[in-house]
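Novice: My structure is stored as start-v1.csv, with CSV, C-alpha atoms.
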chain,number,residue,atom,x,y,z
A,2,GLY,CA,0.0,0.0,0.0
A,3,GLU,CA,0.9,3.7,-0.1
A,4,ASN,CA,3.3,5.1,2.4
A,5,VAL,CA,3.7,8.9,3.0
A,6,GLU,CA,6.7,10.3,4.8
A,7,GLN,CA,6.6,13.9,6.0
A,8,HIS,CA,9.4,16.2,7.2
A,9,PRO,CA,10.1,18.0,9.4
A,10,SER,CA,8.0,16.9,12.4
A,11,THR,CA,8.4,20.4,14.0
A,12,LEU,CA,9.1,23.7,12.4
A,13,SER,CA,9.5,27.1,14.1
A,14,VAL,CA,9.7,30.3,12.0
A,15,GLN,CA,9.6,34.0,12.7
A,16,GLU,CA,6.5,35.9,11.7
A,17,GLY,CA,6.9,37.0,8.1
A,18,ASP,CA,9.3,34.3,7.1
A,19,SER,CA,8.5,31.4,4.8
A,20,ALA,CA,7.8,27.8,5.9
A,21,VAL,CA,8.3,24.7,3.8
A,22,ILE,CA,7.1,21.2,4.5
A,23,LYS,CA,8.1,18.2,2.4
A,24,CYS,CA,6.4,14.9,1.7
A,25,THR,CA,7.4,11.8,-0.2
A,26,TYR,CA,5.1,9.0,-1.3
A,27,SER,CA,5.8,5.4,-2.4
A,28,ASP,CA,3.0,4.5,-4.9
A,29,SER,CA,3.6,5.9,-8.3
A,30,ALA,CA,-0.1,5.5,-9.1
A,31,SER,CA,-1.1,8.2,-6.6
A,32,ASN,CA,-2.5,11.2,-8.3
A,33,TYR,CA,-4.2,13.3,-5.7
A,34,PHE,CA,-2.3,15.2,-3.0
A,35,PRO,CA,-4.2,17.4,-0.4
A,36,TRP,CA,-2.8,19.3,2.5
A,37,TYR,CA,-4.7,19.7,5.7
A,38,LYS,CA,-4.3,22.1,8.7
A,39,GLN,CA,-5.4,20.8,12.1
A,40,GLU,CA,-5.8,23.1,15.0
A,41,LEU,CA,-6.1,21.9,18.6
A,42,GLY,CA,-9.4,20.2,19.3
A,43,LYS,CA,-10.6,20.4,15.7
A,44,GLY,CA,-10.8,18.2,12.6
A,45,PRO,CA,-8.4,18.6,9.7
A,46,GLN,CA,-9.2,21.5,7.4
A,47,LEU,CA,-8.3,21.3,3.7
A,48,ILE,CA,-6.1,24.2,2.7
A,49,ILE,CA,-4.9,23.3,-0.8
A,50,ASP,CA,-4.7,20.2,-3.0
A,51,ILE,CA,-3.0,19.3,-6.3
A,52,ARG,CA,-3.6,16.7,-8.9
A,53,SER,CA,-0.9,14.9,-10.8
A,54,ASN,CA,-1.6,16.7,-14.1
A,55,VAL,CA,-0.1,19.9,-12.7
A,56,GLY,CA,3.2,20.7,-11.1
A,57,GLU,CA,2.3,23.7,-9.0
A,58,LYS,CA,-0.7,25.4,-7.5
A,59,LYS,CA,-1.0,28.7,-5.6
A,60,ASP,CA,-3.7,30.2,-3.4
A,61,GLN,CA,-2.6,33.5,-1.9
A,62,ARG,CA,0.2,32.8,0.6
A,63,ILE,CA,0.0,29.1,0.1
A,64,ALA,CA,1.6,27.0,-2.7
A,65,VAL,CA,2.1,23.4,-3.4
A,66,THR,CA,4.6,21.8,-5.8
A,67,LEU,CA,4.6,18.3,-7.1
A,68,ASN,CA,7.4,16.3,-8.6
A,69,LYS,CA,6.0,13.0,-9.9
A,70,THR,CA,9.3,11.7,-11.1
A,71,ALA,CA,10.8,12.0,-7.7
A,72,LYS,CA,7.5,11.2,-5.9
A,73,HIS,CA,7.6,14.2,-3.6
A,74,PHE,CA,5.5,17.2,-3.0
A,75,SER,CA,5.9,20.3,-0.8
A,76,LEU,CA,3.8,23.0,0.9
A,77,HIS,CA,5.1,26.5,0.9
A,78,ILE,CA,3.6,29.2,3.2
A,79,THR,CA,4.9,32.7,2.7
A,80,GLU,CA,4.6,35.7,5.0
A,81,THR,CA,3.7,33.5,7.9
A,82,GLN,CA,1.4,34.8,10.6
A,83,PRO,CA,0.8,33.6,14.2
A,84,GLU,CA,-2.6,32.2,13.1
A,85,ASP,CA,-0.7,29.8,10.7
A,86,SER,CA,0.5,27.9,13.9
A,87,ALA,CA,-1.1,24.5,13.7
A,88,VAL,CA,-0.3,20.9,12.7
A,89,TYR,CA,-0.1,20.4,8.9
A,90,PHE,CA,-0.7,17.0,7.2
A,91,CYS,CA,0.1,15.9,3.7
A,92,ALA,CA,-1.8,13.0,2.1
A,93,ALA,CA,-1.9,11.0,-1.1
A,94,SER,CA,-4.5,8.9,-2.8
A,95,ILE,CA,-5.3,7.2,-6.1
A,96,LYS,CA,-8.3,8.1,-8.3
A,97,ASP,CA,-9.2,4.9,-10.0
A,98,SER,CA,-12.0,4.0,-12.4
A,99,GLY,CA,-14.3,2.9,-9.6
A,100,ALA,CA,-16.9,4.8,-7.7
A,101,GLY,CA,-16.6,6.6,-4.3
A,102,SER,CA,-13.9,8.9,-3.3
A,103,TYR,CA,-10.3,9.3,-2.4
A,104,GLN,CA,-9.0,7.0,0.4
A,105,LEU,CA,-6.3,9.1,1.9
A,106,THR,CA,-2.9,8.0,3.3
A,107,PHE,CA,-1.6,10.7,5.6
A,108,GLY,CA,1.9,11.7,6.7
A,109,LYS,CA,2.6,12.0,10.4
A,110,GLY,CA,2.3,15.7,10.5
A,111,THR,CA,4.4,18.9,11.0
A,112,LYS,CA,3.8,21.1,14.0
A,113,LEU,CA,4.4,24.7,12.7
A,114,SER,CA,5.0,27.4,15.3
A,115,VAL,CA,5.1,31.0,14.1
A,116,ILE,CA,6.9,33.2,16.5
A,117,PRO,CA,5.6,36.8,16.7
B,204,GLU,CA,-25.3,24.8,4.3
B,205,THR,CA,-24.1,22.9,7.4
B,206,GLY,CA,-20.7,21.2,7.5
B,207,VAL,CA,-19.9,17.7,8.7
B,208,THR,CA,-21.1,17.0,12.3
B,209,GLN,CA,-20.2,14.1,14.6
B,210,SER,CA,-21.6,12.8,17.8
B,211,PRO,CA,-20.8,12.4,20.6
B,212,THR,CA,-17.8,14.7,21.2
B,213,HIS,CA,-16.2,12.6,23.8
B,214,LEU,CA,-16.8,9.0,25.0
B,215,ILE,CA,-15.3,6.9,27.7
B,216,LYS,CA,-15.7,3.1,27.5
B,217,THR,CA,-14.1,0.0,29.1
B,218,ARG,CA,-12.3,-2.8,27.4
B,219,GLY,CA,-14.6,-5.3,25.8
B,220,GLN,CA,-17.5,-2.9,25.4
B,221,GLN,CA,-19.0,-1.8,22.1
B,222,VAL,CA,-19.4,1.7,20.8
B,223,THR,CA,-21.3,3.5,18.0
B,224,LEU,CA,-20.2,6.8,16.6
B,225,ARG,CA,-22.3,9.0,14.3
B,226,CYS,CA,-21.6,11.3,11.4
B,227,SER,CA,-23.8,13.6,9.4
B,228,SER,CA,-22.3,14.4,6.1
B,229,GLN,CA,-22.2,17.9,4.4
B,230,SER,CA,-25.4,18.6,2.5
B,231,GLY,CA,-25.4,16.8,-0.9
B,232,HIS,CA,-22.3,14.7,-0.2
B,233,ASN,CA,-22.8,11.0,-1.0
B,234,THR,CA,-19.5,9.5,0.2
B,235,VAL,CA,-18.4,9.2,3.8
B,236,SER,CA,-15.0,8.1,4.9
B,237,TRP,CA,-13.9,7.2,8.5
B,238,TYR,CA,-10.4,7.7,9.9
B,239,GLN,CA,-8.7,6.9,13.2
B,240,GLN,CA,-6.2,9.4,14.5
B,241,ALA,CA,-4.0,8.3,17.4
B,242,LEU,CA,-2.4,11.0,19.6
B,243,GLY,CA,0.5,12.7,17.7
B,244,GLN,CA,-0.2,10.8,14.5
B,245,GLY,CA,-1.8,11.4,11.1
B,246,PRO,CA,-5.3,10.0,10.4
B,247,GLN,CA,-5.5,6.4,9.3
B,248,PHE,CA,-8.2,5.3,6.8
B,249,ILE,CA,-10.7,2.8,8.3
B,250,PHE,CA,-13.3,2.5,5.5
B,251,GLN,CA,-15.5,4.4,3.1
B,252,TYR,CA,-19.2,4.2,2.3
B,253,TYR,CA,-20.7,5.2,-1.1
B,254,ARG,CA,-24.4,4.9,-1.7
B,255,GLU,CA,-24.8,2.8,1.4
B,256,GLU,CA,-22.2,0.2,0.4
B,257,GLU,CA,-18.7,-0.2,1.8
B,258,ASN,CA,-16.3,1.0,-0.9
B,259,GLY,CA,-12.8,0.3,0.4
B,260,ARG,CA,-11.3,-0.7,3.7
B,261,GLY,CA,-8.0,0.1,5.4
B,262,ASN,CA,-6.0,-2.3,7.6
B,263,PHE,CA,-8.6,-2.6,10.4
B,264,PRO,CA,-10.1,-5.8,11.8
B,265,PRO,CA,-13.7,-6.9,11.2
B,266,ARG,CA,-14.7,-5.6,14.7
B,267,PHE,CA,-14.7,-2.2,13.0
B,268,SER,CA,-17.9,-2.0,11.0
B,269,GLY,CA,-20.1,0.7,9.6
B,270,LEU,CA,-23.3,1.7,8.0
B,271,GLN,CA,-24.5,4.5,5.7
B,272,PHE,CA,-28.1,5.5,5.6
B,273,PRO,CA,-30.2,6.8,2.7
B,274,ASN,CA,-29.6,10.4,3.8
B,275,TYR,CA,-25.9,9.7,3.6
B,276,SER,CA,-25.3,9.9,7.3
B,277,SER,CA,-23.1,7.2,8.7
B,278,GLU,CA,-22.2,5.1,11.8
B,279,LEU,CA,-19.0,3.5,12.9
B,280,ASN,CA,-19.3,0.6,15.2
B,281,VAL,CA,-16.4,-0.9,17.2
B,282,ASN,CA,-16.9,-4.2,19.1
B,283,ALA,CA,-14.8,-5.7,21.8
B,284,LEU,CA,-13.0,-2.5,22.5
B,285,GLU,CA,-9.2,-2.6,23.2
B,286,LEU,CA,-7.0,-0.1,24.9
B,287,ASP,CA,-5.4,0.7,21.5
B,288,ASP,CA,-8.7,1.8,20.2
B,289,SER,CA,-8.4,5.0,22.2
B,290,ALA,CA,-8.1,7.8,19.5
B,291,LEU,CA,-9.9,10.6,17.7
B,292,TYR,CA,-12.3,9.2,15.2
B,293,LEU,CA,-12.9,11.5,12.2
B,294,CYS,CA,-15.4,11.2,9.5
B,295,ALA,CA,-15.1,13.1,6.2
B,296,SER,CA,-17.7,13.6,3.5
B,297,SER,CA,-17.3,14.4,-0.2
B,298,LEU,CA,-18.8,14.1,-3.6
B,299,VAL,CA,-17.4,11.4,-5.9
B,300,TYR,CA,-13.6,11.9,-6.2
B,301,ASN,CA,-13.8,15.4,-4.8
B,302,GLU,CA,-12.3,17.3,-1.8
B,303,GLN,CA,-13.0,15.6,1.6
B,304,PHE,CA,-14.3,17.7,4.4
B,305,PHE,CA,-13.7,16.5,7.9
B,306,GLY,CA,-15.9,16.8,11.0
B,307,PRO,CA,-14.5,17.8,14.4
B,308,GLY,CA,-14.1,14.1,15.5
B,309,THR,CA,-15.2,12.0,18.4
B,310,ARG,CA,-12.6,11.5,21.1
B,311,LEU,CA,-12.8,7.8,22.4
B,312,THR,CA,-11.1,6.8,25.5
B,313,VAL,CA,-10.9,3.0,26.4
B,314,LEU,CA,-10.1,2.2,30.0
Could you express the structure from this file as structure tokens?

Specialist:
Amino acid sequence: GENVEQHPSTLSVQEGDSAVIKCTYSDSASNYFPWYKQELGKGPQLIIDIRSNVGEKKDQRIAVTLNKTAKHFSLHITETQPEDSAVYFCAASIKDSGAGSYQLTFGKGTKLSVIP
Amino acid sequence: ETGVTQSPTHLIKTRGQQVTLRCSSQSGHNTVSWYQQALGQGPQFIFQYYREEENGRGNFPPRFSGLQFPNYSSELNVNALELDDSALYLCASSLVYNEQFFGPGTRLTVL
């Protein structure tokens, strides 16, 4: 089955700096890669996702890049703010010809702390 | 439009007991997936329901079972609870092969 590795496990940055979180996956058939933000006591919240037919996607201060050859993808947050502090998870899944939806395999998470 | 809701919020059970957790999917979403999140770990896929049928299962024993109802809400049942079942149980709803939206989870503690 799919295996997703995520690094680093913790990350501290100064407010205004950039943060980068990296993930690798094992199954070359994976074609959907979402990123989730989880705050204490809450469920994961989708912040951005990318499908295998594109190499980069941006949404304001957040961007994700995908390298299918190397089987890795990264989350980039620019101009970090204290409210970006949370645990971030990457995930991977396959979209096959069947019905239903993605069955996500998650990384172990990165705890991001933004220091004011 | 309401988001994904789960009940109860917290639950305490003892080893060997059975538990039922409930999930109401986001309006219009026909697929529900359940995940187990141990403390300090990422969520692990348990199973998925699509149109009231199980549509994929992760590496969980048969004592984990589920249901999906005609209104697309869902239940997760766990029999013969073990200490290692203590975790946050998350459900996520979506349309077919679309973004998954998670509920706040049910925190299960097994003593």

Novice: List every residue of chain A that has an atom at most 10 Å from any atom of chain B, giving for each one its closest atom pair and the distance in Å to one decimal, counting all atoms listed in the file, sorted by chain and then by ascending residue number, as a Markdown table.

Specialist:
| residue | atom | partner | partner_atom | distance |
| --- | --- | --- | --- | --- |
| A:Gly2 | CA | B:Gly261 | CA | 9.7 |
| A:Tyr33 | CA | B:Tyr300 | CA | 9.5 |
| A:Pro35 | CA | B:Glu302 | CA | 8.2 |
| A:Tyr37 | CA | B:Phe305 | CA | 9.8 |
| A:Gln39 | CA | B:Pro307 | CA | 9.9 |
| A:Gly42 | CA | B:Pro307 | CA | 7.5 |
| A:Lys43 | CA | B:Pro307 | CA | 4.9 |
| A:Gly44 | CA | B:Pro307 | CA | 4.1 |
| A:Pro45 | CA | B:Phe305 | CA | 6.0 |
| A:Gln46 | CA | B:Phe305 | CA | 6.7 |
| A:Leu47 | CA | B:Phe304 | CA | 7.0 |
| A:Ile49 | CA | B:Glu302 | CA | 9.6 |
| A:Asp50 | CA | B:Glu302 | CA | 8.2 |
| A:Val88 | CA | B:Gly243 | CA | 9.6 |
| A:Tyr89 | CA | B:Gly245 | CA | 9.4 |
| A:Phe90 | CA | B:Gly245 | CA | 6.9 |
| A:Cys91 | CA | B:Gly245 | CA | 8.9 |
| A:Ala92 | CA | B:Gly245 | CA | 9.1 |
| A:Ile95 | CA | B:Tyr300 | CA | 9.5 |
| A:Lys96 | CA | B:Tyr300 | CA | 6.9 |
| A:Asp97 | CA | B:Tyr300 | CA | 9.1 |
| A:Gly99 | CA | B:Asn258 | CA | 9.1 |
| A:Ala100 | CA | B:Val299 | CA | 6.9 |
| A:Gly101 | CA | B:Val299 | CA | 5.1 |
| A:Ser102 | CA | B:Tyr300 | CA | 4.2 |
| A:Tyr103 | CA | B:Tyr300 | CA | 5.7 |
| A:Gln104 | CA | B:Phe248 | CA | 6.7 |
| A:Leu105 | CA | B:Phe248 | CA | 6.5 |
| A:Thr106 | CA | B:Gln247 | CA | 6.7 |
| A:Phe107 | CA | B:Gly245 | CA | 5.5 |
| A:Gly108 | CA | B:Gly245 | CA | 5.8 |
| A:Lys109 | CA | B:Gly245 | CA | 4.5 |
| A:Gly110 | CA | B:Gly245 | CA | 6.0 |
| A:Thr111 | CA | B:Gly245 | CA | 9.7 |
| A:Lys112 | CA | B:Gly243 | CA | 9.8 |

Novice: Write to file, as a CSV table (one decimal), in the coordinates of the input, the residues of the selection just made, with C-alpha atoms.

Specialist:
chain,number,residue,atom,x,y,z
A,2,GLY,CA,0.0,0.0,0.0
A,33,TYR,CA,-4.2,13.3,-5.7
A,35,PRO,CA,-4.2,17.4,-0.4
A,37,TYR,CA,-4.7,19.7,5.7
A,39,GLN,CA,-5.4,20.8,12.1
A,42,GLY,CA,-9.4,20.2,19.3
A,43,LYS,CA,-10.6,20.4,15.7
A,44,GLY,CA,-10.8,18.2,12.6
A,45,PRO,CA,-8.4,18.6,9.7
A,46,GLN,CA,-9.2,21.5,7.4
A,47,LEU,CA,-8.3,21.3,3.7
A,49,ILE,CA,-4.9,23.3,-0.8
A,50,ASP,CA,-4.7,20.2,-3.0
A,88,VAL,CA,-0.3,20.9,12.7
A,89,TYR,CA,-0.1,20.4,8.9
A,90,PHE,CA,-0.7,17.0,7.2
A,91,CYS,CA,0.1,15.9,3.7
A,92,ALA,CA,-1.8,13.0,2.1
A,95,ILE,CA,-5.3,7.2,-6.1
A,96,LYS,CA,-8.3,8.1,-8.3
A,97,ASP,CA,-9.2,4.9,-10.0
A,99,GLY,CA,-14.3,2.9,-9.6
A,100,ALA,CA,-16.9,4.8,-7.7
A,101,GLY,CA,-16.6,6.6,-4.3
A,102,SER,CA,-13.9,8.9,-3.3
A,103,TYR,CA,-10.3,9.3,-2.4
A,104,GLN,CA,-9.0,7.0,0.4
A,105,LEU,CA,-6.3,9.1,1.9
A,106,THR,CA,-2.9,8.0,3.3
A,107,PHE,CA,-1.6,10.7,5.6
A,108,GLY,CA,1.9,11.7,6.7
A,109,LYS,CA,2.6,12.0,10.4
A,110,GLY,CA,2.3,15.7,10.5
A,111,THR,CA,4.4,18.9,11.0
A,112,LYS,CA,3.8,21.1,14.0

Novice: Select, from B:Gly206, B:Arg266, B:Leu311, B:Glu278, the residue with the minimum atom-to-atom distance to Ser228 of chain B, counting only C-alpha atoms.

Specialist: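 So, comparing all the options, the nearest one is B:Gly206.
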
Novice: So how many Å separate atom CA of Thr66 of chain A and atom CA of Pro83 of chain A, to one decimal?

Specialist: 23.5 Å

Novice: What's the 7 Å shell around Leu67 of chain A, counting all atoms listed in the file, without same-chain residues fewer than 6 positions away, as a list of chain:residue names?

Specialist: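 Everything that qualifies: A:Gly56, A:Glu57, A:His73, A:Phe74, A:Ser75.
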
Novice: Output C-alpha atoms of each residue in that selection to a file, as an mmCIF file, in the frame of the given file.

Specialist:
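Output file part_17.cif follows:
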data_model
loop_
_atom_site.group_PDB
_atom_site.id
_atom_site.type_symbol
_atom_site.label_atom_id
_atom_site.label_comp_id
_atom_site.auth_asym_id
_atom_site.auth_seq_id
_atom_site.Cartn_x
_atom_site.Cartn_y
_atom_site.Cartn_z
ATOM 1 C CA GLY A 56 3.200 20.700 -11.100
ATOM 2 C CA GLU A 57 2.300 23.700 -9.000
ATOM 3 C CA HIS A 73 7.600 14.200 -3.600
ATOM 4 C CA PHE A 74 5.500 17.200 -3.000
ATOM 5 C CA SER A 75 5.900 20.300 -0.800
#

Novice: Which residue, B:Val281, B:Val222, B:Leu214, B:Val313, has the smallest gap to Phe263 of chain B when you use all atoms listed in the file?

Specialist: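 The closest residue to Phe263 of chain B is B:Val281.
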
Novice: Quick one: residues within 7 Å of Thr79 of chain A, all atoms listed in the file counted, chain neighbours fewer than 5 positions away excluded, as a list in words?

Specialist: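 Neighbouring residues, sequence-local ones excluded: Asp18, Ser19, Ala20, Arg62 and Ile63 of chain A.
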
Novice: Would you put the residues from that selection into a file with C-alpha atoms, as a PDB file, in the coordinates of the input?

Specialist:
ATOM      1  CA  ASP A  18       9.300  34.300   7.100  1.00  0.00           C
ATOM      2  CA  SER A  19       8.500  31.400   4.800  1.00  0.00           C
ATOM      3  CA  ALA A  20       7.800  27.800   5.900  1.00  0.00           C
ATOM      4  CA  ARG A  62       0.200  32.800   0.600  1.00  0.00           C
ATOM      5  CA  ILE A  63       0.000  29.100   0.100  1.00  0.00           C
TER       6      ILE A  63
END

Novice: Tell me which of A:His8, A:Lys38, A:His77, A:Lys23 sits closest to Gln61 of chain A, counting only C-alpha atoms.

Specialist: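 Answer, going by the shortest atom-to-atom distance: A:His77.
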
Novice: Residues at most 9 Å from Ser31 of chain A, counting all atoms listed in the file, excluding those fewer than 2 positions away in the same chain, as a list of chain:residue names?

Specialist: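 My reading of the contact set: A:Glu3, A:Tyr26, A:Ser27, A:Asp28, A:Ser29, A:Tyr33, A:Phe34, A:Ser53, A:Ala93, A:Ser94, A:Ile95, A:Lys96.
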
Novice: Separation of atom CA of Gln220 of chain B and atom CA of Pro264 of chain B, in Å?

Specialist: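 Taking atom CA of Gln220 of chain B as the start and atom CA of Pro264 of chain B as the end point, the length is 15.8 Å.
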
Novice: May I have the protein, DNA and RNA residues with any atom at most 8 Å from the point (-16.2, -4.0, 15.4), counting all atoms listed in the file, written as a ChimeraX atom specification?

Specialist: /B:221,264-268,280-284

Novice: Which distance in Å separates atom CA of Glu255 of chain B and atom CA of Asp288 of chain B, to one decimal?

Specialist: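 A separation of 24.8 Å between them.
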
Novice: Using all atoms listed in the file, which of B:Thr217, B:Asn274, B:Thr223, B:Gln229 sits nearest Asp287 of chain B?

Specialist: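 Looking at the shortest contact to Asp287 of chain B, the residue is B:Thr217.
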
Novice: Give me, as a list in words, all polymer residues having an atom no more than 7 Å from Arg225 of chain B, counting all atoms listed in the file and skipping those fewer than 6 positions away in the same chain.

Specialist: Gln209, Ser210, Ser277, Glu278 and Leu279 of chain B

Novice: Can you take the partial segment 235-263 of chain B, add N, CA and C atoms, and return it as an mmCIF file, keeping the file's coordinate frame?

Specialist:
data_model
loop_
_atom_site.group_PDB
_atom_site.id
_atom_site.type_symbol
_atom_site.label_atom_id
_atom_site.label_comp_id
_atom_site.auth_asym_id
_atom_site.auth_seq_id
_atom_site.Cartn_x
_atom_site.Cartn_y
_atom_site.Cartn_z
ATOM 1 N N VAL B 235 -18.917 8.943 2.485
ATOM 2 C CA VAL B 235 -18.400 9.200 3.800
ATOM 3 C C VAL B 235 -17.226 8.260 4.089
ATOM 4 N N SER B 236 -16.153 8.824 4.586
ATOM 5 C CA SER B 236 -15.000 8.100 4.900
ATOM 6 C C SER B 236 -14.692 8.224 6.431
ATOM 7 N N TRP B 237 -14.215 7.164 7.072
ATOM 8 C CA TRP B 237 -13.900 7.200 8.500
ATOM 9 C C TRP B 237 -12.373 7.021 8.659
ATOM 10 N N TYR B 238 -11.811 7.790 9.594
ATOM 11 C CA TYR B 238 -10.400 7.700 9.900
ATOM 12 C C TYR B 238 -10.182 7.645 11.392
ATOM 13 N N GLN B 239 -9.108 6.965 11.797
ATOM 14 C CA GLN B 239 -8.700 6.900 13.200
ATOM 15 C C GLN B 239 -7.419 7.716 13.347
ATOM 16 N N GLN B 240 -7.388 8.629 14.310
ATOM 17 C CA GLN B 240 -6.200 9.400 14.500
ATOM 18 C C GLN B 240 -5.702 9.225 15.977
ATOM 19 N N ALA B 241 -4.629 8.462 16.119
ATOM 20 C CA ALA B 241 -4.000 8.300 17.400
ATOM 21 C C ALA B 241 -3.268 9.576 17.786
ATOM 22 N N LEU B 242 -3.012 9.760 19.059
ATOM 23 C CA LEU B 242 -2.400 11.000 19.600
ATOM 24 C C LEU B 242 -1.021 11.198 18.896
ATOM 25 N N GLY B 243 -0.824 12.362 18.288
ATOM 26 C CA GLY B 243 0.500 12.700 17.700
ATOM 27 C C GLY B 243 0.717 12.044 16.324
ATOM 28 N N GLN B 244 -0.320 11.436 15.758
ATOM 29 C CA GLN B 244 -0.200 10.800 14.500
ATOM 30 C C GLN B 244 -1.104 11.358 13.419
ATOM 31 N N GLY B 245 -0.879 10.977 12.165
ATOM 32 C CA GLY B 245 -1.800 11.400 11.100
ATOM 33 C C GLY B 245 -3.018 10.435 11.111
ATOM 34 N N PRO B 246 -4.126 10.881 10.540
ATOM 35 C CA PRO B 246 -5.300 10.000 10.400
ATOM 36 C C PRO B 246 -5.008 8.768 9.606
ATOM 37 N N GLN B 247 -5.622 7.647 10.014
ATOM 38 C CA GLN B 247 -5.500 6.400 9.300
ATOM 39 C C GLN B 247 -6.864 5.997 8.733
ATOM 40 N N PHE B 248 -6.914 5.638 7.454
ATOM 41 C CA PHE B 248 -8.200 5.300 6.800
ATOM 42 C C PHE B 248 -8.725 3.986 7.339
ATOM 43 N N ILE B 249 -9.990 4.021 7.783
ATOM 44 C CA ILE B 249 -10.700 2.800 8.300
ATOM 45 C C ILE B 249 -11.477 2.193 7.147
ATOM 46 N N PHE B 250 -12.478 2.904 6.666
ATOM 47 C CA PHE B 250 -13.300 2.500 5.500
ATOM 48 C C PHE B 250 -14.066 3.639 4.958
ATOM 49 N N GLN B 251 -14.692 3.375 3.815
ATOM 50 C CA GLN B 251 -15.500 4.400 3.100
ATOM 51 C C GLN B 251 -16.810 3.798 2.693
ATOM 52 N N TYR B 252 -17.833 4.638 2.724
ATOM 53 C CA TYR B 252 -19.200 4.200 2.300
ATOM 54 C C TYR B 252 -19.610 5.136 1.134
ATOM 55 N N TYR B 253 -20.143 4.501 0.115
ATOM 56 C CA TYR B 253 -20.700 5.200 -1.100
ATOM 57 C C TYR B 253 -22.006 4.577 -1.394
ATOM 58 N N ARG B 254 -23.031 5.385 -1.411
ATOM 59 C CA ARG B 254 -24.400 4.900 -1.700
ATOM 60 C C ARG B 254 -24.737 3.654 -0.884
ATOM 61 N N GLU B 255 -24.468 3.752 0.410
ATOM 62 C CA GLU B 255 -24.800 2.800 1.400
ATOM 63 C C GLU B 255 -24.058 1.459 1.346
ATOM 64 N N GLU B 256 -23.007 1.419 0.514
ATOM 65 C CA GLU B 256 -22.200 0.200 0.400
ATOM 66 C C GLU B 256 -20.761 0.526 0.828
ATOM 67 N N GLU B 257 -20.094 -0.437 1.484
ATOM 68 C CA GLU B 257 -18.700 -0.200 1.800
ATOM 69 C C GLU B 257 -17.892 -0.234 0.498
ATOM 70 N N ASN B 258 -17.048 0.782 0.377
ATOM 71 C CA ASN B 258 -16.300 1.000 -0.900
ATOM 72 C C ASN B 258 -14.816 1.169 -0.537
ATOM 73 N N GLY B 259 -14.215 0.157 0.054
ATOM 74 C CA GLY B 259 -12.800 0.300 0.400
ATOM 75 C C GLY B 259 -12.610 0.213 1.888
ATOM 76 N N ARG B 260 -11.550 -0.461 2.323
ATOM 77 C CA ARG B 260 -11.300 -0.700 3.700
ATOM 78 C C ARG B 260 -9.779 -0.609 3.957
ATOM 79 N N GLY B 261 -9.372 0.031 5.035
ATOM 80 C CA GLY B 261 -8.000 0.100 5.400
ATOM 81 C C GLY B 261 -7.611 -1.170 6.229
ATOM 82 N N ASN B 262 -6.474 -1.120 6.879
ATOM 83 C CA ASN B 262 -6.000 -2.300 7.600
ATOM 84 C C ASN B 262 -6.562 -2.301 9.048
ATOM 85 N N PHE B 263 -7.846 -2.514 9.139
ATOM 86 C CA PHE B 263 -8.600 -2.600 10.400
ATOM 87 C C PHE B 263 -9.325 -3.899 10.492
#
